[in-house]
Amino acid sequence: MILFAALAIFGPERSAATVTILTSMGVFQIVEPNVPYFFSLRGAAVSFALKLSLCYVLIDLTNRIGSSYYWLLLFPVMSAATTFGLLGTMISIFVASGLYLWFLVFVYLTPGSYIDAEGWKELALHLIALPIVGFLTHQLAESKRVEARRYQITAEQLAAANENLQKAEAAATRSERLAALGQLSAGLAHELRNPLGTMKASAEMLLRSVPSDNEVACEMAQFISSEVDRTDSLITRFLDFARPLALRSERMEIGQAIDQAVEEIDRHRPPFDVAIYKNYSPDIRPFRFDPELMQRVFYNLILNAIQASPPRGSVTIKTRPLNGTVEIAIIDRGSGIARNQLENIFNPFFTTKAKGVGLGLAIVSKIVDQHGGKIAVESEAGSGSVFRVYLPTREDTE
C-alpha cells in the first residue's frame with residue numbers, strides 16, 4: 001500500500017480517479033493471496049482480467065499511448081507468468097501488448113496527433129519490456145515449481161521411509177516380545193509336564209481304587225483327569241508356539257492344503273450352520289511350502305471365521321496370484337474385530353474369546369513368517385473380517 005501510495009503521490013497526474021485506481025490495484029494485490037478462489041486457474045484468469053482492466057483505465061486516463069504508467073501492464077503479465085505455463089504467459093503478453101497498441105487508434109483518430117521516429121522507438125522499447133519480464137518471470141516461477149516438486153518428492157520419500165521405519169521397529173519389538181514369551185512358555189511348559197503326569201496317574205489310580213458306588217469320588221477323579229488332559233493340551237500349544245519351526249517343504253497345490261484343513265474342521269467341529277464357499281484361481285501352479293504347517297494356518301483361520309459367523313452365514317475362501325506371491329483370503333461376514341484390537345490380535349495370549357488362550361493367531365503368524373510370507377487383516381466391528389495370507393512362490397522358501 002505504501003508503494004502504491006507513492007505512485008499516486010509522485011505520479012505525473014494526481015487526480016481523484018488516478019488515486020482511486022492505484023489504491024484499488026494496491027488493495028487487490030494485498031487481498032489476492034488471501035482468497036483461495038484466485039489459486040485456481042479460473043481465479044487466476046479472473047485476476048489477470050481485473051488487473052488488466054485497471055491498467056487500461058489508468059493508462060486511458062493518463063495520456064494513453066504516452067502514459068507514464070504503461071509499465072503497470074507488467075503486473076498482470078507477471079501474475080500470469082507465475083500461475084500459467086509457457087503458453088499462458090505468451091497469451092498474456094500478447095493480450096497486454098495488444099491492449100497497449102490499441103491506444104494507437106486514438107492517436108490516428110485525433111487530428112494533429114502523430115508519433116515521430118523517437119516515439120516509435122520508445123513504443124518498441126515499451127513493447128519489448130513485456131515479453132522480457134514475462135518470460136523471465138515464467139522461468140523463475142517454473143524453477144520454483146520444479147524445486148517445490150523436488151522438495152515434495154523428497155518429503156514423500158521421507159514420509160514413506162519413516163513409515164517403513166516405524167513398521168520395522170514395531171516388527172522388531174514384536175519379535176523380541178515373541179522370543180521372550182516363547183522362552184518363558186517353553187521353560188514353564190517343561191516344568192509343568194512332570195507334575196501333570198503324576199496328577200494324571202494319581203487320578204487314574206484313585207478312580208480304580210475307589211468303590212464304584214462312591215459317585216462323588218469317581219466324579220472328582222474323572223474331573224481331575226479331564227482337567228489334566230486339557231492343561232496338557234494347553235502346554236502342547238505353548239510348546240508349539242515356543243519351539244523353532246523346521247519346514248518340510250513339498251511342491252503342492254495350495255488348494256489341496258486348504259481342502260485338507262476344511263475336511264479336518266468338518267470332522268472335529270460342532271455342527272455350525274455355516275456354508276463354506278471356495279473360489280480357487282486356476283492360474284496358481286504348485287509351489288513349495290510345508291503342507292502340515294500351512295494346513296494348521298488355514299485350519300485356525302477358517303475355524304475362527306466359522307465361529308465368528310452368524311447362523312446360516314457363509315465363509316468364502318479365495319486364492320489368486322499376486323506379484324510373485326499367492327494370496328489366500330478367508331472372508332466372513334460375522335461379528336468383526338474392533339479397530340482398537342486389530343494391532344494386538346497376532347500377539348500371544350491376546351484373545352477376545354471367553355475360553356480362548358490367545359495362541360492360535362500367534363502361531364499362524366509365526367508359521368507364515370517362517371515361510372517368508374505375511375498375513376494381513378481387514379475388519380470392522382459388525383461387518384465381518386478378511387484375513388489375507390501372502391505366500392511367496394519362489395524356490396528359496398525351503
# chains A, B, ... in the order shown; residues from 1 in each chain; ligands from 1

$ select_by_dssp --residues "range 255-383 of chain A" --states "strand (DSSP E)" --output "VMD selection string"
chain A and resid 274 to 279 287 to 289 313 to 322 325 to 332 374 to 380

$ residues_around --residues "range 108-119 of chain A" --least-positions-apart "5" --cutoff "10 Å" --atoms "only C-alpha atoms" --output "list in words"
Ile65, Gly66, Phe103, Ala124 and Leu125 of chain A

$ residues_around --residues "Gly98 in chain A" --least-positions-apart "3" --cutoff "12 Å" --atoms "only C-alpha atoms" --output "short mmCIF file (atom, residue, chain, number, x, y, z; two decimals) with N, CA and C atoms, in the first residue's frame"
data_model
loop_
_atom_site.label_atom_id
_atom_site.label_comp_id
_atom_site.auth_asym_id
_atom_site.auth_seq_id
_atom_site.Cartn_x
_atom_site.Cartn_y
_atom_site.Cartn_z
N LEU A 52 -5.66 -6.21 -15.68
CA LEU A 52 -5.51 -5.63 -17.00
C LEU A 52 -6.54 -4.51 -17.22
N TYR A 56 -5.76 -0.65 -17.98
CA TYR A 56 -6.31 0.02 -19.18
C TYR A 56 -6.97 1.34 -18.80
N ILE A 65 -1.32 6.38 -25.03
CA ILE A 65 -0.09 5.76 -25.52
C ILE A 65 1.16 6.40 -24.94
N LEU A 73 1.42 -2.42 -16.87
CA LEU A 73 0.98 -3.63 -17.59
C LEU A 73 1.82 -4.85 -17.23
N ILE A 91 0.23 -15.91 -24.13
CA ILE A 91 -1.08 -15.31 -24.40
C ILE A 91 -1.25 -14.01 -23.60
N SER A 92 -0.82 -14.02 -22.32
CA SER A 92 -0.94 -12.81 -21.51
C SER A 92 -0.09 -11.67 -22.09
N ILE A 93 1.11 -11.99 -22.58
CA ILE A 93 1.97 -10.96 -23.20
C ILE A 93 1.29 -10.42 -24.46
N PHE A 94 0.73 -11.32 -25.26
CA PHE A 94 0.06 -10.89 -26.49
C PHE A 94 -1.14 -10.00 -26.18
N VAL A 95 -1.95 -10.38 -25.17
CA VAL A 95 -3.14 -9.59 -24.83
C VAL A 95 -2.73 -8.22 -24.28
N LEU A 101 -1.25 -1.40 -27.65
CA LEU A 101 -1.23 -0.90 -29.02
C LEU A 101 -2.59 -0.35 -29.43
N TRP A 102 -3.64 -0.77 -28.72
CA TRP A 102 -4.97 -0.26 -29.05
C TRP A 102 -5.04 1.26 -28.93
N PHE A 103 -4.21 1.81 -28.03
CA PHE A 103 -4.24 3.27 -27.84
C PHE A 103 -3.71 4.01 -29.07
N LEU A 104 -3.04 3.29 -30.00
CA LEU A 104 -2.61 3.94 -31.24
C LEU A 104 -3.80 4.39 -32.08
N VAL A 105 -4.92 3.71 -31.92
CA VAL A 105 -6.11 4.09 -32.67
C VAL A 105 -6.52 5.52 -32.34
N LEU A 127 7.07 -2.16 -25.64
CA LEU A 127 6.51 -3.47 -26.01
C LEU A 127 7.50 -4.60 -25.76
N LEU A 130 7.59 -6.05 -22.10
CA LEU A 130 6.57 -7.00 -21.66
C LEU A 130 7.00 -8.46 -21.83
#

$ atom_distance --atom1 "CA of Ala168 in chain A" --atom2 "CA of Tyr299 in chain A"
28.6 Å

$ residues_around --residues "range 312-318 of chain A" --least-positions-apart "2" --cutoff "9 Å" --atoms "only C-alpha atoms" --output "PyMOL selection string"
chain A and resi 258+272-281+302+305-306+309-310+320+327-334

$ residues_around --residues "Leu74 in chain A" --least-positions-apart "5" --cutoff "9 Å" --atoms "only C-alpha atoms" --output "JSON, numbers by chain"
{"A": [79, 93, 96, 129, 130, 133, 134]}

$ write_last_selection --atoms "C-alpha atoms" --output "PDB file, in the first residue's frame"
ATOM      1  CA  SER A  79       0.915 -12.625 -12.353  1.00  0.00           C
ATOM      2  CA  ILE A  93       1.966 -10.963 -23.202  1.00  0.00           C
ATOM      3  CA  ALA A  96      -1.292  -6.912 -22.784  1.00  0.00           C
ATOM      4  CA  ALA A 129       9.778  -4.954 -21.951  1.00  0.00           C
ATOM      5  CA  LEU A 130       6.566  -7.002 -21.656  1.00  0.00           C
ATOM      6  CA  VAL A 133       9.779  -9.505 -17.994  1.00  0.00           C
ATOM      7  CA  GLY A 134       7.059 -12.080 -18.738  1.00  0.00           C
TER       8      GLY A 134
END

$ closest_residue --among "A:Ala49, A:Met1, A:Val262, A:Val228" --to "Val31 in chain A" --atoms "only C-alpha atoms"
A:Met1

$ atom_distance --atom1 "CA of Leu22 in chain A" --atom2 "CA of Pro36 in chain A"
23.4 Å

$ select_by_dssp --residues "range 144-325 of chain A" --states "alpha helix (DSSP H)" --output "VMD selection string"
chain A and resid 144 to 209 215 to 242 254 to 268 291 to 308

$ closest_residue --among "A:Thr325, A:Thr231, A:Ser249, A:Thr319" --to "Met294 in chain A" --atoms "only C-alpha atoms"
A:Ser249

$ closest_residue --among "A:Gln260, A:Ser15, A:Thr62, A:Ser53" --to "Leu99 in chain A" --atoms "only C-alpha atoms"
A:Ser53

$ residues_around --residues "Met220 in chain A" --least-positions-apart "2" --cutoff "12 Å" --atoms "only C-alpha atoms" --output "ChimeraX atom specification"
/A:202-204,206-207,210,214-218,222-227

$ closest_residue --among "A:Ile254, A:Tyr70, A:Asp232, A:Gly360" --to "His126 in chain A" --atoms "only C-alpha atoms"
A:Tyr70

$ atom_distance --atom1 "CA of Val297 in chain A" --atom2 "CA of Arg177 in chain A"
21.1 Å

$ residues_around --residues "range 83-88 of chain A" --least-positions-apart "4" --cutoff "12 Å" --atoms "only C-alpha atoms" --output "PDB file with C-alpha atoms, in the first residue's frame"
ATOM      1  CA  PHE A  38      -7.637 -16.963  -7.021  1.00  0.00           C
ATOM      2  CA  PHE A  39      -5.459 -20.084  -6.510  1.00  0.00           C
ATOM      3  CA  SER A  40      -7.407 -21.935  -9.224  1.00  0.00           C
ATOM      4  CA  LEU A  41      -6.806 -21.471 -12.952  1.00  0.00           C
ATOM      5  CA  ARG A  42     -10.171 -19.795 -13.352  1.00  0.00           C
ATOM      6  CA  GLY A  43      -9.460 -17.465 -10.444  1.00  0.00           C
ATOM      7  CA  ALA A  44      -6.043 -16.635 -11.891  1.00  0.00           C
ATOM      8  CA  ALA A  45      -7.676 -15.782 -15.225  1.00  0.00           C
ATOM      9  CA  SER A  47      -7.310 -11.870 -11.534  1.00  0.00           C
ATOM     10  CA  PHE A  48      -5.422 -11.256 -14.798  1.00  0.00           C
ATOM     11  CA  PRO A  76      -0.917  -8.738 -14.938  1.00  0.00           C
ATOM     12  CA  VAL A  77       1.788 -10.229 -17.187  1.00  0.00           C
ATOM     13  CA  MET A  78       3.939 -11.202 -14.192  1.00  0.00           C
ATOM     14  CA  SER A  79       0.915 -12.625 -12.353  1.00  0.00           C
ATOM     15  CA  SER A  92      -0.941 -12.810 -21.510  1.00  0.00           C
ATOM     16  CA  ILE A  93       1.966 -10.963 -23.202  1.00  0.00           C
ATOM     17  CA  PHE A  94       0.061 -10.889 -26.494  1.00  0.00           C
ATOM     18  CA  VAL A  95      -3.138  -9.588 -24.826  1.00  0.00           C
ATOM     19  CA  PRO A 131       7.888 -10.305 -23.139  1.00  0.00           C
ATOM     20  CA  GLY A 134       7.059 -12.080 -18.738  1.00  0.00           C
ATOM     21  CA  PHE A 135       9.462 -14.814 -19.856  1.00  0.00           C
ATOM     22  CA  LEU A 136      11.951 -14.092 -17.059  1.00  0.00           C
ATOM     23  CA  THR A 137       9.138 -14.298 -14.505  1.00  0.00           C
ATOM     24  CA  HIS A 138       7.890 -17.532 -16.066  1.00  0.00           C
ATOM     25  CA  GLN A 139      11.390 -19.010 -15.931  1.00  0.00           C
ATOM     26  CA  LEU A 140      11.773 -18.032 -12.285  1.00  0.00           C
ATOM     27  CA  ALA A 141       8.310 -19.404 -11.408  1.00  0.00           C
ATOM     28  CA  GLU A 142       8.978 -22.641 -13.273  1.00  0.00           C
ATOM     29  CA  SER A 143      12.279 -23.043 -11.456  1.00  0.00           C
ATOM     30  CA  LYS A 144      10.434 -22.513  -8.195  1.00  0.00           C
ATOM     31  CA  ARG A 145       7.788 -25.087  -9.162  1.00  0.00           C
TER      32      ARG A 145
END

$ closest_residue --among "A:Phe289, A:Tyr390, A:Phe4, A:Tyr69" --to "Leu322 in chain A" --atoms "only C-alpha atoms"
A:Tyr390
